[in-house]
Structures are given as C-alpha cells and as structure tokens.
Amino acid sequence: MANLLLIVSGSVAAYKALELVRLARRAGHAVTPILTAGGARFVTKEALAGISGARVHDDLWAAEAEIGHIRLARWPDLVVVAPASADLLAKMAAGLADDLASTVLLATRAPVLVAPAMNPAMWAHPATVANMRTLAARGVHRVGPEDGAMAEPESGPGRLAEPATLFAAIQALLADGPLAGRHVVVTSGPTQEAIDPVRYIANRSSGRQGHAIAVALAALGARVTLVSGPVAVADPAGVAVVRVEGARDMLAAVQAALPADAAVFAAAVADFRPADVGAQKMKKVPGAPPPGLALVLNPDILATVAQHPAQRPGLVVGFAAETEDVVAQAQQKRLRKGCDWIVANDVSGDVMGGAENAVHLVTAAGVEDWPRLPKEEVARRLASRIAQALA
C-alpha cells in the first residue's frame, strides 16, 4: 500500500476530497492531507482529519517547527492535488513557494497528480493553458477537468473529476491492487446503426454503468481498454478508450484489444441494423406510406468472444437487460452465449440513464441478488468479484 499526500486547494469542489480519502483508505493507502487557506474555506481540518485518520497540515511555519517541509515532501509515494485551483497551478508552474502546499510541491521528488477545478473561462484562459503545458512538460500528471454543471449557473470544462475517477488515476499511477498486471476489456454505452445520414437505430444506454466498471477495475490496478459507443459521460482517467458507433465497429475494436484476462460486456448493443443505409436523407412524401425498413442481425459480440477458439479471455462477463423473467432469461443467456457470468437487471424502470441499479449476478454456482445500489458501487462489487476470480 502507498503513502499519499493530498493537497486540497481552494474550490467549492473540495468536498469531493473527503470521498477520495475514504476510497484511498479503504484500499489500504495512508493519506496525509495538506489544506491551503483557500481550501479551508470549503472543507474543514476536522473533516479531513476524521476521515484520513491523520493530522492535517496547513501552516508552513508550524510544519517547520515539527517535521519540516522537506520531510513532509519526502514521505509520499504520490502527491495528489485535488482540487487544484488555477492559483495553485500557476504557483506550481512558476516555482513559487509562499505557503506549505507550494513549498512541498517544489521540494518533493514523488510523482505529482493534479485534478484541476475552476470556472470554464479560467480553464480556457491562455495563462492556465500555458501553465498546464509547463507542468505537463515537467512530468506532472493530470486527471480532468470534466465538462459539466458548475457551482455558477453555467456549464463547461472545469468541473473536478469524480472521486472514483480520481482514485482510478491514482491506482493506475501506483500500479497497485489485486488486478495489477491484468488486462480487462469493457464495453459500454449504446451502438448506433445508421438508417441514413440523419437517422439511426439505437438502444437506450447512458454508459454510466459500463464506464463505472472501467473505473472500478482500473482502481484495482488493471490495465483497462474501454470500447464505448456514443455517450455523454466523460472518458475515465487511467483507461484506454476506443470510441465506436455501430456493432460491427465495436466487435472489431474488442477483437483488436485482445488478448485479455477478462472481458465485461456492459454495452447495450443493437441486435439489428438496416440492411441498406440510405446515401441521402429519406424524405416524407405527402400521401405516400412510410418507406419500408429491412433489418438484418448484428454480430453477437458476447458470443463471438466467449466462444473464440484462441483468444477467449479467462473470464467473460455479459449483461442482460430484461423487462420480464429477468433471472430465468439471464440463466438461459449465459448458457446460450457461452460466457461465465451474466449481470442481469430489470430495465423496465429508471435504470437506463439513472444513477442506481439492482442486479443479479448469475454464475454456474447460482444466483446472487444484489440490492439497489449506486452504479459506482455495483461496479466496485463486480470489480472485486472479478479480482477474486482471476486470483
């Protein structure tokens, strides 16, 4: 397990640092926080100390009297700045050292990971762009920012990455965890099958569950290839992302990513595609019936990989999105496709696009019924089970 020095600077998103500490400690890492004056406006020393189980440092001269900033800078295996404000990033780029955080950053020999968080206009400012280029040239790692709603009534790039994404980036840098050295392929999102240049056939899928699984696997140290259909969610940090549209493209991307130790097929792949794709937009003709649409079957990605004669992963996990007889249909699907596990869920409610999921894990040994949980927690449970199986 690793020693993490967490620097929390001034941003309304500083509250996410508490969840990041919880994830890191649950994985066995030791966390020592440094709280800047700006960070203390948004999160308290007491909160950070309570969750980290360590003293929170916030004063340069107090640190000098006790352990010294050099000893503090030499202690960690990784320094994480989350959130990283525009001000602190500018100090890092300029080599300033006027408080404890900037002094430790200047003195440390450990790798540094920054998670920027600021207003979109500040993130796009030429000064910030130049500072990030400088830091990247020095080998500073970055995760985020994400594109989304801000504290102000506006949206755009500048939102702090979610704790699970941050933790996955940390684990990837540390190359730690039970899945270290393992390669896992994950599919996520829908596929879009073109009818003409304007229209397409697709399944309803936000990609939130598949992307969360990729994050959870990376957090356990796996090298993850995420093959994603068109989604609005951000690419996870520490994960290789391959973007596709149609089912045939997804199959080709999965096959190109093999060999793998495990594969998780969470994508909602369209079963059918139009037999012919119109070169021009189909026109509605007054008084005429709508044009016919002939469909053909798409390739079965799960069955193709599960039954691959040479490159079948050691563990193949499929998903079954059903609206009735969920468990029975999943059991039949597992046998029919030739996969090891099926994660089955009832999608007749608000699961697709929602934040929570209730699943049944169907294996050769039986059925496990998991309660309704946040999709991130479902992902962590599944990743943990995959780690156990591969061990």
# chains A, B, ... in the order shown; residues from 1 in each chain; ligands from 1
$ residues_around --residues "Asp300 (chain A)" --least-positions-apart "5" --cutoff "10 Å" --atoms "only C-alpha atoms" --output "PDB file with all heavy atoms, in the first residue's frame"
ATOM      1  N   ALA A 247     -22.334  -1.730 -34.127  1.00  0.00           N
ATOM      2  CA  ALA A 247     -21.976  -3.005 -33.501  1.00  0.00           C
ATOM      3  C   ALA A 247     -20.787  -3.655 -34.187  1.00  0.00           C
ATOM      4  O   ALA A 247     -19.921  -4.253 -33.540  1.00  0.00           O
ATOM      5  CB  ALA A 247     -23.180  -3.949 -33.537  1.00  0.00           C
ATOM      6  N   ARG A 248     -20.706  -3.552 -35.498  1.00  0.00           N
ATOM      7  CA  ARG A 248     -19.573  -4.161 -36.204  1.00  0.00           C
ATOM      8  C   ARG A 248     -18.268  -3.457 -35.832  1.00  0.00           C
ATOM      9  O   ARG A 248     -17.233  -4.100 -35.685  1.00  0.00           O
ATOM     10  CB  ARG A 248     -19.823  -4.113 -37.718  1.00  0.00           C
ATOM     11  CG  ARG A 248     -20.913  -5.087 -38.185  1.00  0.00           C
ATOM     12  CD  ARG A 248     -21.262  -4.899 -39.639  1.00  0.00           C
ATOM     13  NE  ARG A 248     -21.921  -3.609 -39.869  1.00  0.00           N
ATOM     14  CZ  ARG A 248     -22.295  -3.166 -41.072  1.00  0.00           C
ATOM     15  NH1 ARG A 248     -22.071  -3.918 -42.143  1.00  0.00           N
ATOM     16  NH2 ARG A 248     -22.893  -1.997 -41.200  1.00  0.00           N
ATOM     17  N   LEU A 251     -17.338  -4.736 -32.308  1.00  0.00           N
ATOM     18  CA  LEU A 251     -16.736  -6.069 -32.350  1.00  0.00           C
ATOM     19  C   LEU A 251     -15.289  -5.993 -32.824  1.00  0.00           C
ATOM     20  O   LEU A 251     -14.397  -6.622 -32.250  1.00  0.00           O
ATOM     21  CB  LEU A 251     -17.546  -6.984 -33.267  1.00  0.00           C
ATOM     22  CG  LEU A 251     -16.944  -8.380 -33.500  1.00  0.00           C
ATOM     23  CD1 LEU A 251     -16.787  -9.142 -32.191  1.00  0.00           C
ATOM     24  CD2 LEU A 251     -17.802  -9.177 -34.490  1.00  0.00           C
ATOM     25  N   VAL A 269     -25.888  -3.251 -27.037  1.00  0.00           N
ATOM     26  CA  VAL A 269     -25.659  -3.364 -28.477  1.00  0.00           C
ATOM     27  C   VAL A 269     -26.975  -3.590 -29.201  1.00  0.00           C
ATOM     28  O   VAL A 269     -27.771  -4.443 -28.803  1.00  0.00           O
ATOM     29  CB  VAL A 269     -24.680  -4.518 -28.780  1.00  0.00           C
ATOM     30  CG1 VAL A 269     -24.411  -4.622 -30.279  1.00  0.00           C
ATOM     31  CG2 VAL A 269     -23.377  -4.322 -28.009  1.00  0.00           C
ATOM     32  N   ALA A 270     -27.198  -2.835 -30.265  1.00  0.00           N
ATOM     33  CA  ALA A 270     -28.404  -3.023 -31.063  1.00  0.00           C
ATOM     34  C   ALA A 270     -28.369  -4.401 -31.719  1.00  0.00           C
ATOM     35  O   ALA A 270     -27.364  -4.776 -32.337  1.00  0.00           O
ATOM     36  CB  ALA A 270     -28.516  -1.936 -32.123  1.00  0.00           C
ATOM     37  N   ASP A 271     -29.451  -5.167 -31.554  1.00  0.00           N
ATOM     38  CA  ASP A 271     -29.499  -6.514 -32.138  1.00  0.00           C
ATOM     39  C   ASP A 271     -29.609  -6.477 -33.650  1.00  0.00           C
ATOM     40  O   ASP A 271     -29.181  -7.415 -34.333  1.00  0.00           O
ATOM     41  CB  ASP A 271     -30.692  -7.287 -31.571  1.00  0.00           C
ATOM     42  CG  ASP A 271     -30.525  -7.579 -30.097  1.00  0.00           C
ATOM     43  OD1 ASP A 271     -29.386  -7.814 -29.661  1.00  0.00           O
ATOM     44  OD2 ASP A 271     -31.542  -7.570 -29.369  1.00  0.00           O
ATOM     45  N   VAL A 305     -16.828 -13.542 -28.644  1.00  0.00           N
ATOM     46  CA  VAL A 305     -15.642 -13.545 -27.791  1.00  0.00           C
ATOM     47  C   VAL A 305     -15.679 -14.727 -26.826  1.00  0.00           C
ATOM     48  O   VAL A 305     -14.660 -15.386 -26.589  1.00  0.00           O
ATOM     49  CB  VAL A 305     -15.537 -12.214 -27.026  1.00  0.00           C
ATOM     50  CG1 VAL A 305     -14.376 -12.250 -26.035  1.00  0.00           C
ATOM     51  CG2 VAL A 305     -15.349 -11.057 -28.006  1.00  0.00           C
ATOM     52  N   LYS A 337     -24.832 -18.141 -24.767  1.00  0.00           N
ATOM     53  CA  LYS A 337     -23.702 -17.348 -25.249  1.00  0.00           C
ATOM     54  C   LYS A 337     -22.353 -18.002 -24.945  1.00  0.00           C
ATOM     55  O   LYS A 337     -21.352 -17.711 -25.604  1.00  0.00           O
ATOM     56  CB  LYS A 337     -23.727 -15.958 -24.601  1.00  0.00           C
ATOM     57  CG  LYS A 337     -25.026 -15.195 -24.789  1.00  0.00           C
ATOM     58  CD  LYS A 337     -25.153 -14.609 -26.162  1.00  0.00           C
ATOM     59  CE  LYS A 337     -26.371 -13.698 -26.249  1.00  0.00           C
ATOM     60  NZ  LYS A 337     -26.531 -13.069 -27.564  1.00  0.00           N
TER      61      LYS A 337
END
$ select_by_dssp --residues "region 177-274 of chain A" --states "strand (DSSP E or B)" --output "MDAnalysis selection string"
chainID A and resid 183:188 190 192:194 200:202 223:228 240:243 262:265 268 272:274
$ residues_around --residues "Val8 (chain A)" --least-positions-apart "4" --cutoff "8 Å" --atoms "only C-alpha atoms" --output "PyMOL selection string"
chain A and resi 14+17+33-36+39+81-84
$ write_last_selection --atoms "all heavy atoms" --output "PDB file, in the first residue's frame"
ATOM      1  N   ALA A  14     -14.053  21.090  -3.217  1.00  0.00           N
ATOM      2  CA  ALA A  14     -13.170  20.472  -2.226  1.00  0.00           C
ATOM      3  C   ALA A  14     -13.865  19.382  -1.424  1.00  0.00           C
ATOM      4  O   ALA A  14     -13.206  18.484  -0.899  1.00  0.00           O
ATOM      5  CB  ALA A  14     -12.613  21.544  -1.285  1.00  0.00           C
ATOM      6  N   ALA A  17     -12.932  15.801  -2.006  1.00  0.00           N
ATOM      7  CA  ALA A  17     -11.688  15.254  -1.459  1.00  0.00           C
ATOM      8  C   ALA A  17     -11.971  14.298  -0.313  1.00  0.00           C
ATOM      9  O   ALA A  17     -11.206  13.354  -0.075  1.00  0.00           O
ATOM     10  CB  ALA A  17     -10.783  16.392  -0.995  1.00  0.00           C
ATOM     11  N   PRO A  33      -3.198  14.821   4.679  1.00  0.00           N
ATOM     12  CA  PRO A  33      -3.712  15.982   3.946  1.00  0.00           C
ATOM     13  C   PRO A  33      -2.924  17.259   4.253  1.00  0.00           C
ATOM     14  O   PRO A  33      -2.427  17.467   5.362  1.00  0.00           O
ATOM     15  CB  PRO A  33      -5.152  16.121   4.442  1.00  0.00           C
ATOM     16  CG  PRO A  33      -5.427  14.894   5.272  1.00  0.00           C
ATOM     17  CD  PRO A  33      -4.085  14.456   5.788  1.00  0.00           C
ATOM     18  N   ILE A  34      -2.824  18.109   3.231  1.00  0.00           N
ATOM     19  CA  ILE A  34      -2.392  19.500   3.382  1.00  0.00           C
ATOM     20  C   ILE A  34      -3.542  20.368   2.905  1.00  0.00           C
ATOM     21  O   ILE A  34      -4.055  20.171   1.794  1.00  0.00           O
ATOM     22  CB  ILE A  34      -1.123  19.800   2.561  1.00  0.00           C
ATOM     23  CG1 ILE A  34       0.085  19.056   3.133  1.00  0.00           C
ATOM     24  CG2 ILE A  34      -0.845  21.297   2.524  1.00  0.00           C
ATOM     25  CD1 ILE A  34       1.376  19.278   2.350  1.00  0.00           C
ATOM     26  N   LEU A  35      -3.952  21.292   3.723  1.00  0.00           N
ATOM     27  CA  LEU A  35      -5.095  22.151   3.418  1.00  0.00           C
ATOM     28  C   LEU A  35      -4.595  23.575   3.215  1.00  0.00           C
ATOM     29  O   LEU A  35      -3.978  24.157   4.120  1.00  0.00           O
ATOM     30  CB  LEU A  35      -6.109  22.090   4.559  1.00  0.00           C
ATOM     31  CG  LEU A  35      -7.448  22.797   4.370  1.00  0.00           C
ATOM     32  CD1 LEU A  35      -8.213  22.200   3.198  1.00  0.00           C
ATOM     33  CD2 LEU A  35      -8.280  22.689   5.657  1.00  0.00           C
ATOM     34  N   THR A  36      -4.836  24.138   2.047  1.00  0.00           N
ATOM     35  CA  THR A  36      -4.443  25.520   1.797  1.00  0.00           C
ATOM     36  C   THR A  36      -5.446  26.469   2.437  1.00  0.00           C
ATOM     37  O   THR A  36      -6.544  26.055   2.853  1.00  0.00           O
ATOM     38  CB  THR A  36      -4.361  25.824   0.293  1.00  0.00           C
ATOM     39  OG1 THR A  36      -5.684  25.839  -0.256  1.00  0.00           O
ATOM     40  CG2 THR A  36      -3.499  24.789  -0.438  1.00  0.00           C
ATOM     41  N   GLY A  39      -8.530  26.269   0.415  1.00  0.00           N
ATOM     42  CA  GLY A  39      -9.241  25.015   0.637  1.00  0.00           C
ATOM     43  C   GLY A  39     -10.004  25.021   1.943  1.00  0.00           C
ATOM     44  O   GLY A  39     -11.103  24.441   2.046  1.00  0.00           O
ATOM     45  N   VAL A  81      -3.041  16.592  -5.899  1.00  0.00           N
ATOM     46  CA  VAL A  81      -3.604  17.930  -5.684  1.00  0.00           C
ATOM     47  C   VAL A  81      -5.033  17.903  -6.202  1.00  0.00           C
ATOM     48  O   VAL A  81      -5.268  17.899  -7.409  1.00  0.00           O
ATOM     49  CB  VAL A  81      -2.792  19.018  -6.394  1.00  0.00           C
ATOM     50  CG1 VAL A  81      -3.302  20.405  -5.989  1.00  0.00           C
ATOM     51  CG2 VAL A  81      -1.312  18.880  -6.081  1.00  0.00           C
ATOM     52  N   ALA A  82      -5.997  17.829  -5.274  1.00  0.00           N
ATOM     53  CA  ALA A  82      -7.403  17.687  -5.667  1.00  0.00           C
ATOM     54  C   ALA A  82      -8.294  18.343  -4.617  1.00  0.00           C
ATOM     55  O   ALA A  82      -8.371  17.836  -3.500  1.00  0.00           O
ATOM     56  CB  ALA A  82      -7.764  16.216  -5.826  1.00  0.00           C
ATOM     57  N   PRO A  83      -8.963  19.404  -4.971  1.00  0.00           N
ATOM     58  CA  PRO A  83      -8.908  20.081  -6.263  1.00  0.00           C
ATOM     59  C   PRO A  83      -7.657  20.938  -6.410  1.00  0.00           C
ATOM     60  O   PRO A  83      -7.102  21.403  -5.424  1.00  0.00           O
ATOM     61  CB  PRO A  83     -10.169  20.952  -6.254  1.00  0.00           C
ATOM     62  CG  PRO A  83     -10.419  21.227  -4.804  1.00  0.00           C
ATOM     63  CD  PRO A  83      -9.975  19.986  -4.066  1.00  0.00           C
ATOM     64  N   ALA A  84      -7.247  21.141  -7.662  1.00  0.00           N
ATOM     65  CA  ALA A  84      -6.126  22.023  -7.973  1.00  0.00           C
ATOM     66  C   ALA A  84      -6.692  23.313  -8.557  1.00  0.00           C
ATOM     67  O   ALA A  84      -7.216  23.319  -9.669  1.00  0.00           O
ATOM     68  CB  ALA A  84      -5.179  21.351  -8.967  1.00  0.00           C
TER      69      ALA A  84
END
$ closest_residue --among "A:Gly189, A:Pro157, A:Pro178, A:Pro197" --to "Gln209 (chain A)" --atoms "only C-alpha atoms"
A:Gly189
$ select_by_dssp --residues "region 73-308 of chain A" --states "helix (DSSP H, G or I)" --output "ChimeraX atom specification"
/A:73-74,86-94,100-107,120-124,126-137,163-174,208-219,247-257,301-306
$ write_last_selection --atoms "C-alpha atoms" --output "PDB file, in the first residue's frame"
ATOM      1  CA  ALA A  73       7.820  16.268   0.880  1.00  0.00           C
ATOM      2  CA  ARG A  74       9.902  13.071   1.053  1.00  0.00           C
ATOM      3  CA  ALA A  86      -5.926  27.971 -11.031  1.00  0.00           C
ATOM      4  CA  ASP A  87      -3.905  29.845  -8.430  1.00  0.00           C
ATOM      5  CA  LEU A  88      -2.053  26.784  -7.153  1.00  0.00           C
ATOM      6  CA  LEU A  89      -1.404  25.525 -10.694  1.00  0.00           C
ATOM      7  CA  ALA A  90       0.101  28.934 -11.531  1.00  0.00           C
ATOM      8  CA  LYS A  91       2.335  28.749  -8.444  1.00  0.00           C
ATOM      9  CA  MET A  92       3.494  25.286  -9.448  1.00  0.00           C
ATOM     10  CA  ALA A  93       4.302  26.416 -12.988  1.00  0.00           C
ATOM     11  CA  ALA A  94       6.202  29.482 -11.739  1.00  0.00           C
ATOM     12  CA  LEU A 100       3.125  24.900   2.820  1.00  0.00           C
ATOM     13  CA  ALA A 101       1.440  23.352  -0.229  1.00  0.00           C
ATOM     14  CA  SER A 102       3.546  25.146  -2.844  1.00  0.00           C
ATOM     15  CA  THR A 103       6.738  24.622  -0.821  1.00  0.00           C
ATOM     16  CA  VAL A 104       6.150  20.871  -0.536  1.00  0.00           C
ATOM     17  CA  LEU A 105       5.333  20.666  -4.247  1.00  0.00           C
ATOM     18  CA  LEU A 106       8.614  22.386  -5.053  1.00  0.00           C
ATOM     19  CA  ALA A 107      10.578  20.112  -2.708  1.00  0.00           C
ATOM     20  CA  PRO A 120     -14.582  27.255 -17.585  1.00  0.00           C
ATOM     21  CA  ALA A 121     -13.341  30.737 -18.521  1.00  0.00           C
ATOM     22  CA  MET A 122     -10.399  30.358 -16.116  1.00  0.00           C
ATOM     23  CA  TRP A 123      -9.582  26.906 -17.512  1.00  0.00           C
ATOM     24  CA  ALA A 124      -9.618  28.244 -21.086  1.00  0.00           C
ATOM     25  CA  PRO A 126      -4.196  31.417 -22.108  1.00  0.00           C
ATOM     26  CA  ALA A 127      -2.329  31.722 -18.800  1.00  0.00           C
ATOM     27  CA  THR A 128      -3.851  28.484 -17.488  1.00  0.00           C
ATOM     28  CA  VAL A 129      -3.297  26.745 -20.823  1.00  0.00           C
ATOM     29  CA  ALA A 130       0.371  27.776 -20.738  1.00  0.00           C
ATOM     30  CA  ASN A 131       0.737  26.708 -17.101  1.00  0.00           C
ATOM     31  CA  MET A 132      -0.678  23.262 -17.852  1.00  0.00           C
ATOM     32  CA  ARG A 133       1.719  22.853 -20.775  1.00  0.00           C
ATOM     33  CA  THR A 134       4.610  23.755 -18.495  1.00  0.00           C
ATOM     34  CA  LEU A 135       3.528  21.278 -15.839  1.00  0.00           C
ATOM     35  CA  ALA A 136       2.954  18.513 -18.398  1.00  0.00           C
ATOM     36  CA  ALA A 137       6.463  19.083 -19.796  1.00  0.00           C
ATOM     37  CA  PRO A 163     -13.737  10.734  -6.661  1.00  0.00           C
ATOM     38  CA  ALA A 164     -13.924   7.302  -8.314  1.00  0.00           C
ATOM     39  CA  THR A 165     -12.252   8.706 -11.429  1.00  0.00           C
ATOM     40  CA  LEU A 166      -9.569  10.367  -9.313  1.00  0.00           C
ATOM     41  CA  PHE A 167      -8.944   7.173  -7.393  1.00  0.00           C
ATOM     42  CA  ALA A 168      -8.651   5.159 -10.599  1.00  0.00           C
ATOM     43  CA  ALA A 169      -5.986   7.575 -11.813  1.00  0.00           C
ATOM     44  CA  ILE A 170      -4.138   7.220  -8.504  1.00  0.00           C
ATOM     45  CA  GLN A 171      -4.199   3.436  -8.684  1.00  0.00           C
ATOM     46  CA  ALA A 172      -3.038   3.497 -12.276  1.00  0.00           C
ATOM     47  CA  LEU A 173      -0.036   5.644 -11.323  1.00  0.00           C
ATOM     48  CA  LEU A 174       0.775   3.431  -8.371  1.00  0.00           C
ATOM     49  CA  ARG A 208     -22.806   5.173 -16.780  1.00  0.00           C
ATOM     50  CA  GLN A 209     -22.654   1.554 -15.625  1.00  0.00           C
ATOM     51  CA  GLY A 210     -20.067   0.419 -18.143  1.00  0.00           C
ATOM     52  CA  HIS A 211     -17.848   3.437 -17.547  1.00  0.00           C
ATOM     53  CA  ALA A 212     -18.130   2.935 -13.776  1.00  0.00           C
ATOM     54  CA  ILE A 213     -16.976  -0.671 -14.204  1.00  0.00           C
ATOM     55  CA  ALA A 214     -13.947   0.502 -16.168  1.00  0.00           C
ATOM     56  CA  VAL A 215     -13.106   2.974 -13.383  1.00  0.00           C
ATOM     57  CA  ALA A 216     -13.518   0.318 -10.671  1.00  0.00           C
ATOM     58  CA  LEU A 217     -11.285  -2.167 -12.492  1.00  0.00           C
ATOM     59  CA  ALA A 218      -8.593   0.452 -13.037  1.00  0.00           C
ATOM     60  CA  ALA A 219      -8.821   1.339  -9.344  1.00  0.00           C
ATOM     61  CA  ALA A 247     -21.976  -3.005 -33.501  1.00  0.00           C
ATOM     62  CA  ARG A 248     -19.573  -4.161 -36.204  1.00  0.00           C
ATOM     63  CA  ASP A 249     -17.153  -1.409 -35.227  1.00  0.00           C
ATOM     64  CA  MET A 250     -17.482  -2.424 -31.569  1.00  0.00           C
ATOM     65  CA  LEU A 251     -16.736  -6.069 -32.350  1.00  0.00           C
ATOM     66  CA  ALA A 252     -13.679  -5.098 -34.386  1.00  0.00           C
ATOM     67  CA  ALA A 253     -12.404  -2.864 -31.564  1.00  0.00           C
ATOM     68  CA  VAL A 254     -12.900  -5.614 -28.975  1.00  0.00           C
ATOM     69  CA  GLN A 255     -11.097  -8.170 -31.116  1.00  0.00           C
ATOM     70  CA  ALA A 256      -8.245  -5.716 -31.699  1.00  0.00           C
ATOM     71  CA  ALA A 257      -7.919  -5.263 -27.922  1.00  0.00           C
ATOM     72  CA  ILE A 301     -20.165  -9.642 -29.695  1.00  0.00           C
ATOM     73  CA  LEU A 302     -20.559 -11.503 -26.402  1.00  0.00           C
ATOM     74  CA  ALA A 303     -20.983 -14.924 -28.024  1.00  0.00           C
ATOM     75  CA  THR A 304     -18.185 -14.297 -30.518  1.00  0.00           C
ATOM     76  CA  VAL A 305     -15.642 -13.545 -27.791  1.00  0.00           C
ATOM     77  CA  ALA A 306     -16.952 -16.119 -25.307  1.00  0.00           C
TER      78      ALA A 306
END
$ residues_around --residues "Pro190 (chain A)" --least-positions-apart "4" --cutoff "8 Å" --atoms "only C-alpha atoms" --output "number ranges by chain"
A: 202-207, 228-231, 267-270
$ closest_residue --among "A:Ser9, A:Asn345, A:Asn3, A:Asn119" --to "Asp99 (chain A)" --atoms "only C-alpha atoms"
A:Ser9
$ closest_residue --among "A:Arg334, A:Met282, A:Ala149, A:Ala234" --to "Gln307 (chain A)" --atoms "only C-alpha atoms"
A:Arg334
$ residues_around --residues "Gly221 (chain A)" --least-positions-apart "5" --cutoff "6 Å" --atoms "only C-alpha atoms" --output "list in words"
Gln171, Ala172, Ala175, Asp176, Gly177, Leu179 and Ala180 of chain A
$ write_last_selection --atoms "N, CA and C atoms" --output "PDB file, in the first residue's frame"
ATOM      1  N   GLN A 171      -4.576   4.849  -8.640  1.00  0.00           N
ATOM      2  CA  GLN A 171      -4.199   3.436  -8.684  1.00  0.00           C
ATOM      3  C   GLN A 171      -3.393   3.106  -9.938  1.00  0.00           C
ATOM      4  N   ALA A 172      -3.774   3.748 -11.039  1.00  0.00           N
ATOM      5  CA  ALA A 172      -3.038   3.497 -12.276  1.00  0.00           C
ATOM      6  C   ALA A 172      -1.599   3.982 -12.157  1.00  0.00           C
ATOM      7  N   ALA A 175       0.242   1.641  -9.921  1.00  0.00           N
ATOM      8  CA  ALA A 175       0.286   0.257 -10.438  1.00  0.00           C
ATOM      9  C   ALA A 175       0.100  -0.725  -9.299  1.00  0.00           C
ATOM     10  N   ASP A 176      -0.921  -0.444  -8.479  1.00  0.00           N
ATOM     11  CA  ASP A 176      -1.145  -1.230  -7.276  1.00  0.00           C
ATOM     12  C   ASP A 176      -2.501  -1.917  -7.383  1.00  0.00           C
ATOM     13  N   GLY A 177      -2.724  -2.880  -6.542  1.00  0.00           N
ATOM     14  CA  GLY A 177      -4.027  -3.510  -6.464  1.00  0.00           C
ATOM     15  C   GLY A 177      -4.014  -4.948  -6.933  1.00  0.00           C
ATOM     16  N   LEU A 179      -5.480  -6.399  -9.256  1.00  0.00           N
ATOM     17  CA  LEU A 179      -5.538  -6.635 -10.703  1.00  0.00           C
ATOM     18  C   LEU A 179      -4.326  -6.059 -11.429  1.00  0.00           C
ATOM     19  N   ALA A 180      -3.304  -5.678 -10.678  1.00  0.00           N
ATOM     20  CA  ALA A 180      -2.083  -5.173 -11.312  1.00  0.00           C
ATOM     21  C   ALA A 180      -1.518  -6.222 -12.258  1.00  0.00           C
TER      22      ALA A 180
END
$ atom_distance --atom1 "CA of Thr32 (chain A)" --atom2 "CA of Ser52 (chain A)"
6.9 Å
$ decode --residues "region 181-201 of chain A" --atoms "N, CA and C atoms" --output "PDB file, in the first residue's frame"
ATOM      1  N   GLY A 181      -1.175  -5.800 -13.463  1.00  0.00           N
ATOM      2  CA  GLY A 181      -0.647  -6.718 -14.466  1.00  0.00           C
ATOM      3  C   GLY A 181      -1.705  -7.415 -15.293  1.00  0.00           C
ATOM      4  N   ARG A 182      -2.969  -7.202 -14.952  1.00  0.00           N
ATOM      5  CA  ARG A 182      -4.071  -7.818 -15.713  1.00  0.00           C
ATOM      6  C   ARG A 182      -4.628  -6.836 -16.740  1.00  0.00           C
ATOM      7  N   HIS A 183      -5.115  -7.373 -17.848  1.00  0.00           N
ATOM      8  CA  HIS A 183      -5.771  -6.563 -18.879  1.00  0.00           C
ATOM      9  C   HIS A 183      -7.239  -6.959 -18.958  1.00  0.00           C
ATOM     10  N   VAL A 184      -8.114  -5.966 -18.869  1.00  0.00           N
ATOM     11  CA  VAL A 184      -9.550  -6.216 -18.934  1.00  0.00           C
ATOM     12  C   VAL A 184     -10.157  -5.327 -20.014  1.00  0.00           C
ATOM     13  N   VAL A 185     -10.980  -5.913 -20.856  1.00  0.00           N
ATOM     14  CA  VAL A 185     -11.720  -5.176 -21.881  1.00  0.00           C
ATOM     15  C   VAL A 185     -13.147  -4.962 -21.387  1.00  0.00           C
ATOM     16  N   VAL A 186     -13.642  -3.739 -21.513  1.00  0.00           N
ATOM     17  CA  VAL A 186     -15.001  -3.404 -21.091  1.00  0.00           C
ATOM     18  C   VAL A 186     -15.703  -2.703 -22.246  1.00  0.00           C
ATOM     19  N   THR A 187     -16.957  -3.092 -22.513  1.00  0.00           N
ATOM     20  CA  THR A 187     -17.762  -2.346 -23.480  1.00  0.00           C
ATOM     21  C   THR A 187     -18.823  -1.562 -22.734  1.00  0.00           C
ATOM     22  N   SER A 188     -19.203  -0.431 -23.316  1.00  0.00           N
ATOM     23  CA  SER A 188     -20.119   0.466 -22.614  1.00  0.00           C
ATOM     24  C   SER A 188     -20.927   1.283 -23.606  1.00  0.00           C
ATOM     25  N   GLY A 189     -22.079   1.771 -23.141  1.00  0.00           N
ATOM     26  CA  GLY A 189     -22.898   2.652 -23.961  1.00  0.00           C
ATOM     27  C   GLY A 189     -23.730   1.913 -24.986  1.00  0.00           C
ATOM     28  N   PRO A 190     -24.417   2.652 -25.855  1.00  0.00           N
ATOM     29  CA  PRO A 190     -25.217   2.037 -26.922  1.00  0.00           C
ATOM     30  C   PRO A 190     -24.396   1.900 -28.193  1.00  0.00           C
ATOM     31  N   THR A 191     -24.953   1.226 -29.171  1.00  0.00           N
ATOM     32  CA  THR A 191     -24.448   1.357 -30.534  1.00  0.00           C
ATOM     33  C   THR A 191     -25.502   2.104 -31.339  1.00  0.00           C
ATOM     34  N   GLN A 192     -25.050   2.770 -32.379  1.00  0.00           N
ATOM     35  CA  GLN A 192     -25.949   3.487 -33.276  1.00  0.00           C
ATOM     36  C   GLN A 192     -25.796   2.899 -34.670  1.00  0.00           C
ATOM     37  N   GLU A 193     -26.912   2.412 -35.200  1.00  0.00           N
ATOM     38  CA  GLU A 193     -26.909   1.757 -36.509  1.00  0.00           C
ATOM     39  C   GLU A 193     -27.602   2.675 -37.514  1.00  0.00           C
ATOM     40  N   ALA A 194     -26.848   3.170 -38.477  1.00  0.00           N
ATOM     41  CA  ALA A 194     -27.338   4.205 -39.383  1.00  0.00           C
ATOM     42  C   ALA A 194     -28.462   3.706 -40.287  1.00  0.00           C
ATOM     43  N   ILE A 195     -29.501   4.522 -40.410  1.00  0.00           N
ATOM     44  CA  ILE A 195     -30.558   4.307 -41.402  1.00  0.00           C
ATOM     45  C   ILE A 195     -30.249   5.129 -42.653  1.00  0.00           C
ATOM     46  N   ASP A 196     -29.891   6.379 -42.419  1.00  0.00           N
ATOM     47  CA  ASP A 196     -29.452   7.303 -43.457  1.00  0.00           C
ATOM     48  C   ASP A 196     -28.497   8.283 -42.783  1.00  0.00           C
ATOM     49  N   PRO A 197     -28.028   9.323 -43.448  1.00  0.00           N
ATOM     50  CA  PRO A 197     -27.071  10.235 -42.796  1.00  0.00           C
ATOM     51  C   PRO A 197     -27.618  10.963 -41.575  1.00  0.00           C
ATOM     52  N   VAL A 198     -28.934  10.907 -41.355  1.00  0.00           N
ATOM     53  CA  VAL A 198     -29.551  11.655 -40.258  1.00  0.00           C
ATOM     54  C   VAL A 198     -30.050  10.742 -39.146  1.00  0.00           C
ATOM     55  N   ARG A 199     -30.636   9.612 -39.506  1.00  0.00           N
ATOM     56  CA  ARG A 199     -31.343   8.769 -38.534  1.00  0.00           C
ATOM     57  C   ARG A 199     -30.543   7.507 -38.212  1.00  0.00           C
ATOM     58  N   TYR A 200     -30.857   6.935 -37.054  1.00  0.00           N
ATOM     59  CA  TYR A 200     -30.209   5.690 -36.673  1.00  0.00           C
ATOM     60  C   TYR A 200     -31.103   4.904 -35.725  1.00  0.00           C
ATOM     61  N   ILE A 201     -30.789   3.609 -35.561  1.00  0.00           N
ATOM     62  CA  ILE A 201     -31.419   2.730 -34.577  1.00  0.00           C
ATOM     63  C   ILE A 201     -30.445   2.584 -33.415  1.00  0.00           C
TER      64      ILE A 201
END
